[in-house]
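Here is data19.csv, consisting of CSV, N, CA and C atoms:
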chain,number,residue,atom,x,y,z
A,1,MET,N,-4.9,5.3,-11.1
A,1,MET,CA,-3.9,4.6,-10.3
A,1,MET,C,-4.6,3.5,-9.6
A,2,THR,N,-4.0,2.3,-9.6
A,2,THR,CA,-4.6,1.1,-9.0
A,2,THR,C,-4.2,1.1,-7.5
A,3,GLY,N,-4.9,0.2,-6.8
A,3,GLY,CA,-4.7,0.0,-5.4
A,3,GLY,C,-3.2,-0.5,-5.2
A,4,GLY,N,-2.8,-1.3,-6.0
A,4,GLY,CA,-1.4,-1.8,-5.9
A,4,GLY,C,-0.4,-0.7,-6.1
A,5,GLU,N,-0.6,0.1,-7.1
A,5,GLU,CA,0.3,1.3,-7.3
A,5,GLU,C,0.3,2.2,-6.1
A,6,ILE,N,-0.8,2.4,-5.5
A,6,ILE,CA,-0.9,3.3,-4.3
A,6,ILE,C,-0.1,2.6,-3.2
A,7,LEU,N,-0.3,1.3,-3.0
A,7,LEU,CA,0.4,0.6,-1.9
A,7,LEU,C,1.9,0.7,-2.1
A,8,LYS,N,2.3,0.5,-3.3
A,8,LYS,CA,3.8,0.6,-3.6
A,8,LYS,C,4.3,2.0,-3.4
A,9,ALA,N,3.6,3.0,-3.8
A,9,ALA,CA,4.1,4.3,-3.6
A,9,ALA,C,4.2,4.7,-2.1
A,10,ALA,N,3.2,4.3,-1.3
A,10,ALA,CA,3.2,4.6,0.1
A,10,ALA,C,4.4,3.9,0.8
A,11,ARG,N,4.5,2.6,0.4
A,11,ARG,CA,5.6,1.8,1.0
A,11,ARG,C,7.0,2.4,0.7
A,12,SER,N,7.1,2.7,-0.6
A,12,SER,CA,8.4,3.3,-1.0
A,12,SER,C,8.7,4.6,-0.3
A,13,LEU,N,7.7,5.5,-0.2
A,13,LEU,CA,7.9,6.8,0.5
A,13,LEU,C,8.4,6.6,1.9
A,14,ARG,N,7.9,5.5,2.5
A,14,ARG,CA,8.3,5.3,3.9
A,14,ARG,C,9.6,4.4,4.0
A,15,GLY,N,10.1,3.9,2.9
A,15,GLY,CA,11.3,3.1,2.9
A,15,GLY,C,11.1,1.7,3.6
A,16,MET,N,9.9,1.2,3.4
A,16,MET,CA,9.5,-0.1,4.0
A,16,MET,C,9.6,-1.2,3.0
A,17,THR,N,9.9,-2.4,3.5
A,17,THR,CA,9.8,-3.6,2.7
A,17,THR,C,8.4,-4.1,2.7
A,18,GLN,N,8.1,-5.0,1.8
A,18,GLN,CA,6.8,-5.7,1.8
A,18,GLN,C,6.6,-6.5,3.1
A,19,ASP,N,7.6,-7.1,3.5
A,19,ASP,CA,7.5,-7.9,4.8
A,19,ASP,C,7.2,-7.0,6.0
A,20,GLU,N,7.8,-5.9,6.0
A,20,GLU,CA,7.5,-4.9,7.1
A,20,GLU,C,6.0,-4.5,7.1
A,21,VAL,N,5.5,-4.2,5.9
A,21,VAL,CA,4.1,-3.8,5.8
A,21,VAL,C,3.2,-4.9,6.2
A,22,VAL,N,3.4,-6.1,5.8
A,22,VAL,CA,2.6,-7.3,6.1
A,22,VAL,C,2.6,-7.5,7.6
A,23,ALA,N,3.8,-7.5,8.2
A,23,ALA,CA,3.9,-7.7,9.7
A,23,ALA,C,3.2,-6.7,10.5
A,24,MET,N,3.3,-5.4,10.0
A,24,MET,CA,2.6,-4.3,10.8
A,24,MET,C,1.1,-4.4,10.6
A,25,TYR,N,0.6,-4.7,9.4
A,25,TYR,CA,-0.8,-4.7,9.1
A,25,TYR,C,-1.5,-6.0,9.6
A,26,GLY,N,-0.9,-7.1,9.4
A,26,GLY,CA,-1.4,-8.3,9.9
A,26,GLY,C,-2.7,-8.8,9.2
A,27,GLY,N,-3.0,-10.1,9.3
A,27,GLY,CA,-4.2,-10.6,8.7
A,27,GLY,C,-4.1,-10.9,7.2
A,28,ILE,N,-3.0,-10.6,6.6
A,28,ILE,CA,-2.8,-11.0,5.2
A,28,ILE,C,-1.4,-11.6,5.0
A,29,SER,N,-1.3,-12.4,4.0
A,29,SER,CA,0.0,-13.1,3.8
A,29,SER,C,0.9,-12.2,2.9
A,30,ARG,N,2.1,-12.5,2.9
A,30,ARG,CA,3.1,-11.8,2.0
A,30,ARG,C,2.7,-12.0,0.6
A,31,ASN,N,2.3,-13.3,0.2
A,31,ASN,CA,1.9,-13.5,-1.2
A,31,ASN,C,0.7,-12.7,-1.6
A,32,THR,N,-0.3,-12.5,-0.7
A,32,THR,CA,-1.5,-11.7,-1.0
A,32,THR,C,-1.0,-10.3,-1.2
A,33,TYR,N,-0.2,-9.7,-0.4
A,33,TYR,CA,0.3,-8.4,-0.5
A,33,TYR,C,1.1,-8.2,-1.8
A,34,GLN,N,1.9,-9.2,-2.2
A,34,GLN,CA,2.7,-9.1,-3.4
A,34,GLN,C,1.7,-9.1,-4.6
A,35,ARG,N,0.7,-9.9,-4.6
A,35,ARG,CA,-0.3,-9.9,-5.7
A,35,ARG,C,-1.0,-8.6,-5.8
A,36,TRP,N,-1.3,-8.0,-4.7
A,36,TRP,CA,-1.9,-6.7,-4.7
A,36,TRP,C,-1.0,-5.6,-5.3
A,37,GLU,N,0.2,-5.6,-4.8
A,37,GLU,CA,1.2,-4.6,-5.3
A,37,GLU,C,1.6,-4.8,-6.7
A,38,GLY,N,1.6,-6.1,-7.1
A,38,GLY,CA,2.0,-6.4,-8.5
A,38,GLY,C,0.9,-6.3,-9.5
A,39,GLY,N,-0.3,-6.0,-9.0
A,39,GLY,CA,-1.5,-5.9,-9.9
A,39,GLY,C,-2.1,-7.2,-10.4
A,40,ARG,N,-1.7,-8.3,-9.8
A,40,ARG,CA,-2.3,-9.6,-10.2
A,40,ARG,C,-3.6,-9.8,-9.6
A,41,THR,N,-3.9,-9.2,-8.4
A,41,THR,CA,-5.2,-9.2,-7.7
A,41,THR,C,-5.5,-7.8,-7.3
A,42,ALA,N,-6.8,-7.5,-7.5
A,42,ALA,CA,-7.2,-6.1,-7.0
A,42,ALA,C,-7.2,-6.0,-5.5
A,43,ALA,N,-6.6,-5.0,-5.0
A,43,ALA,CA,-6.5,-4.8,-3.6
A,43,ALA,C,-7.8,-4.1,-3.1
A,44,PRO,N,-8.5,-4.7,-2.1
A,44,PRO,CA,-9.7,-4.0,-1.6
A,44,PRO,C,-9.5,-2.6,-1.1
A,45,TYR,N,-10.4,-1.7,-1.4
A,45,TYR,CA,-10.2,-0.3,-1.0
A,45,TYR,C,-9.9,-0.2,0.5
A,46,ASP,N,-10.7,-0.9,1.3
A,46,ASP,CA,-10.5,-0.7,2.8
A,46,ASP,C,-9.1,-1.1,3.2
A,47,ASP,N,-8.6,-2.2,2.6
A,47,ASP,CA,-7.2,-2.6,2.9
A,47,ASP,C,-6.2,-1.5,2.4
A,48,VAL,N,-6.4,-1.0,1.2
A,48,VAL,CA,-5.5,0.0,0.7
A,48,VAL,C,-5.5,1.2,1.7
A,49,LYS,N,-6.7,1.7,2.0
A,49,LYS,CA,-6.8,2.9,2.9
A,49,LYS,C,-6.1,2.6,4.2
A,50,ALA,N,-6.4,1.4,4.8
A,50,ALA,CA,-5.8,1.1,6.1
A,50,ALA,C,-4.3,1.0,6.1
A,51,ILE,N,-3.8,0.4,5.1
A,51,ILE,CA,-2.3,0.2,5.0
A,51,ILE,C,-1.7,1.6,4.8
A,52,VAL,N,-2.2,2.4,3.9
A,52,VAL,CA,-1.6,3.7,3.7
A,52,VAL,C,-1.7,4.6,4.9
A,53,GLU,N,-2.8,4.6,5.6
A,53,GLU,CA,-3.0,5.5,6.7
A,53,GLU,C,-2.5,4.9,8.0
A,54,GLN,N,-2.7,3.7,8.3
A,54,GLN,CA,-2.3,3.1,9.6
A,54,GLN,C,-0.9,2.6,9.6
A,55,VAL,N,-0.5,2.0,8.6
A,55,VAL,CA,0.9,1.4,8.6
A,55,VAL,C,1.9,2.4,8.1
A,56,CYS,N,1.6,3.1,6.9
A,56,CYS,CA,2.6,4.0,6.4
A,56,CYS,C,2.4,5.4,6.9
A,57,LYS,N,1.3,5.6,7.7
A,57,LYS,CA,1.1,6.9,8.4
A,57,LYS,C,1.0,8.1,7.4
A,58,LEU,N,0.3,7.8,6.3
A,58,LEU,CA,0.1,8.9,5.2
A,58,LEU,C,-1.4,9.1,5.0
A,59,ASN,N,-1.7,10.3,4.6
A,59,ASN,CA,-3.1,10.5,4.3
A,59,ASN,C,-3.3,10.1,2.9
A,60,LEU,N,-4.3,9.3,2.6
A,60,LEU,CA,-4.6,8.7,1.3
A,60,LEU,C,-4.8,9.8,0.2
A,61,ALA,N,-5.6,10.8,0.5
A,61,ALA,CA,-5.9,11.8,-0.4
A,61,ALA,C,-4.6,12.6,-0.8
A,62,ASN,N,-3.9,12.9,0.3
A,62,ASN,CA,-2.6,13.7,0.1
A,62,ASN,C,-1.6,12.9,-0.8
A,63,LEU,N,-1.5,11.6,-0.5
A,63,LEU,CA,-0.6,10.7,-1.3
A,63,LEU,C,-1.0,10.7,-2.7
A,64,LEU,N,-2.3,10.5,-3.0
A,64,LEU,CA,-2.8,10.5,-4.4
A,64,LEU,C,-2.5,11.8,-5.1
A,65,ALA,N,-2.7,12.9,-4.4
A,65,ALA,CA,-2.4,14.2,-5.0
A,65,ALA,C,-0.9,14.4,-5.3
A,66,MET,N,-0.1,13.9,-4.4
A,66,MET,CA,1.4,14.0,-4.6
A,66,MET,C,1.8,13.2,-5.7
A,67,VAL,N,1.4,12.0,-5.8
A,67,VAL,CA,1.8,11.0,-6.8
A,67,VAL,C,1.3,11.6,-8.2
A,68,GLU,N,0.1,12.0,-8.3
A,68,GLU,CA,-0.4,12.5,-9.6
A,68,GLU,C,0.3,13.8,-10.0
A,69,SER,N,0.7,14.6,-9.1
A,69,SER,CA,1.4,15.9,-9.5
A,69,SER,C,2.9,15.6,-9.9
A,70,ASN,N,3.4,14.5,-9.5
A,70,ASN,CA,4.8,14.1,-9.9
A,70,ASN,C,4.8,13.3,-11.2
A,71,GLY,N,3.6,12.9,-11.6
A,71,GLY,CA,3.4,12.2,-12.9
A,71,GLY,C,4.0,10.9,-12.9

Any chance you could give the structure as structure tokens?
Amino acid sequence: MTGGEILKAARSLRGMTQDEVVAMYGGISRNTYQRWEGGRTAAPYDDVKAIVEQVCKLNLANLLAMVESNG
């Protein structure tokens, strides 16, 4: 699973838009976030972890386990 796929899964679980994630996370542009989520640019691990855990309020390991078990 790529960083972008993880970001999209976390955002979708929380029912958030990309704009909401960017506004809450700060420091990145909407275009950067779209490139990460779309797989056009690799999302840095630290950013993926921070967005999942701080913005989406999910545990990264639990999210990965849940997504992988749902196939």

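Separating atom N of Gly38 of chain A from atom N of Gly3 of chain A is a distance of 9.1 Å.
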
Nearby residues, (-2.3, 0.5, 2.3) file frame, 8 Å, only N, CA and C atoms, as a list in words: Gly3, Ile6, Leu7, Lys8, Ala10, Arg11, Tyr45, Asp46, Asp47, Val48, Lys49, Ala50, Ile51, Val52, Glu53, Gln54, Val55 and Cys56 of chain A

Since we have the selection now, will you write its residues out, keeping N, CA and C atoms, as a PDB file, in the coordinates of the input?
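So the final result, stored in selection_28.pdb, reads:
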ATOM      1  N   GLY A   3      -4.900   0.200  -6.800  1.00  0.00           N
ATOM      2  CA  GLY A   3      -4.700   0.000  -5.400  1.00  0.00           C
ATOM      3  C   GLY A   3      -3.200  -0.500  -5.200  1.00  0.00           C
ATOM      4  N   ILE A   6      -0.800   2.400  -5.500  1.00  0.00           N
ATOM      5  CA  ILE A   6      -0.900   3.300  -4.300  1.00  0.00           C
ATOM      6  C   ILE A   6      -0.100   2.600  -3.200  1.00  0.00           C
ATOM      7  N   LEU A   7      -0.300   1.300  -3.000  1.00  0.00           N
ATOM      8  CA  LEU A   7       0.400   0.600  -1.900  1.00  0.00           C
ATOM      9  C   LEU A   7       1.900   0.700  -2.100  1.00  0.00           C
ATOM     10  N   LYS A   8       2.300   0.500  -3.300  1.00  0.00           N
ATOM     11  CA  LYS A   8       3.800   0.600  -3.600  1.00  0.00           C
ATOM     12  C   LYS A   8       4.300   2.000  -3.400  1.00  0.00           C
ATOM     13  N   ALA A  10       3.200   4.300  -1.300  1.00  0.00           N
ATOM     14  CA  ALA A  10       3.200   4.600   0.100  1.00  0.00           C
ATOM     15  C   ALA A  10       4.400   3.900   0.800  1.00  0.00           C
ATOM     16  N   ARG A  11       4.500   2.600   0.400  1.00  0.00           N
ATOM     17  CA  ARG A  11       5.600   1.800   1.000  1.00  0.00           C
ATOM     18  C   ARG A  11       7.000   2.400   0.700  1.00  0.00           C
ATOM     19  N   TYR A  45     -10.400  -1.700  -1.400  1.00  0.00           N
ATOM     20  CA  TYR A  45     -10.200  -0.300  -1.000  1.00  0.00           C
ATOM     21  C   TYR A  45      -9.900  -0.200   0.500  1.00  0.00           C
ATOM     22  N   ASP A  46     -10.700  -0.900   1.300  1.00  0.00           N
ATOM     23  CA  ASP A  46     -10.500  -0.700   2.800  1.00  0.00           C
ATOM     24  C   ASP A  46      -9.100  -1.100   3.200  1.00  0.00           C
ATOM     25  N   ASP A  47      -8.600  -2.200   2.600  1.00  0.00           N
ATOM     26  CA  ASP A  47      -7.200  -2.600   2.900  1.00  0.00           C
ATOM     27  C   ASP A  47      -6.200  -1.500   2.400  1.00  0.00           C
ATOM     28  N   VAL A  48      -6.400  -1.000   1.200  1.00  0.00           N
ATOM     29  CA  VAL A  48      -5.500   0.000   0.700  1.00  0.00           C
ATOM     30  C   VAL A  48      -5.500   1.200   1.700  1.00  0.00           C
ATOM     31  N   LYS A  49      -6.700   1.700   2.000  1.00  0.00           N
ATOM     32  CA  LYS A  49      -6.800   2.900   2.900  1.00  0.00           C
ATOM     33  C   LYS A  49      -6.100   2.600   4.200  1.00  0.00           C
ATOM     34  N   ALA A  50      -6.400   1.400   4.800  1.00  0.00           N
ATOM     35  CA  ALA A  50      -5.800   1.100   6.100  1.00  0.00           C
ATOM     36  C   ALA A  50      -4.300   1.000   6.100  1.00  0.00           C
ATOM     37  N   ILE A  51      -3.800   0.400   5.100  1.00  0.00           N
ATOM     38  CA  ILE A  51      -2.300   0.200   5.000  1.00  0.00           C
ATOM     39  C   ILE A  51      -1.700   1.600   4.800  1.00  0.00           C
ATOM     40  N   VAL A  52      -2.200   2.400   3.900  1.00  0.00           N
ATOM     41  CA  VAL A  52      -1.600   3.700   3.700  1.00  0.00           C
ATOM     42  C   VAL A  52      -1.700   4.600   4.900  1.00  0.00           C
ATOM     43  N   GLU A  53      -2.800   4.600   5.600  1.00  0.00           N
ATOM     44  CA  GLU A  53      -3.000   5.500   6.700  1.00  0.00           C
ATOM     45  C   GLU A  53      -2.500   4.900   8.000  1.00  0.00           C
ATOM     46  N   GLN A  54      -2.700   3.700   8.300  1.00  0.00           N
ATOM     47  CA  GLN A  54      -2.300   3.100   9.600  1.00  0.00           C
ATOM     48  C   GLN A  54      -0.900   2.600   9.600  1.00  0.00           C
ATOM     49  N   VAL A  55      -0.500   2.000   8.600  1.00  0.00           N
ATOM     50  CA  VAL A  55       0.900   1.400   8.600  1.00  0.00           C
ATOM     51  C   VAL A  55       1.900   2.400   8.100  1.00  0.00           C
ATOM     52  N   CYS A  56       1.600   3.100   6.900  1.00  0.00           N
ATOM     53  CA  CYS A  56       2.600   4.000   6.400  1.00  0.00           C
ATOM     54  C   CYS A  56       2.400   5.400   6.900  1.00  0.00           C
TER      55      CYS A  56
END

All alpha helix (DSSP H) residues (DSSP, backbone) inside chain A, as a PyMOL selection string: chain A and resi 3-14+18-25+30-38+45-50+60-70

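Atom pair atom CA of Thr32 of chain A / atom CA of Ser12 of chain A has a distance of 18.0 Å (rounded to one decimal).
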
Interatomic distance, atom C of Asn70 of chain A to atom CA of Arg14 of chain A (Å, one decimal):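 Separation of atom C of Asn70 of chain A and atom CA of Arg14 of chain A: 17.4 Å.
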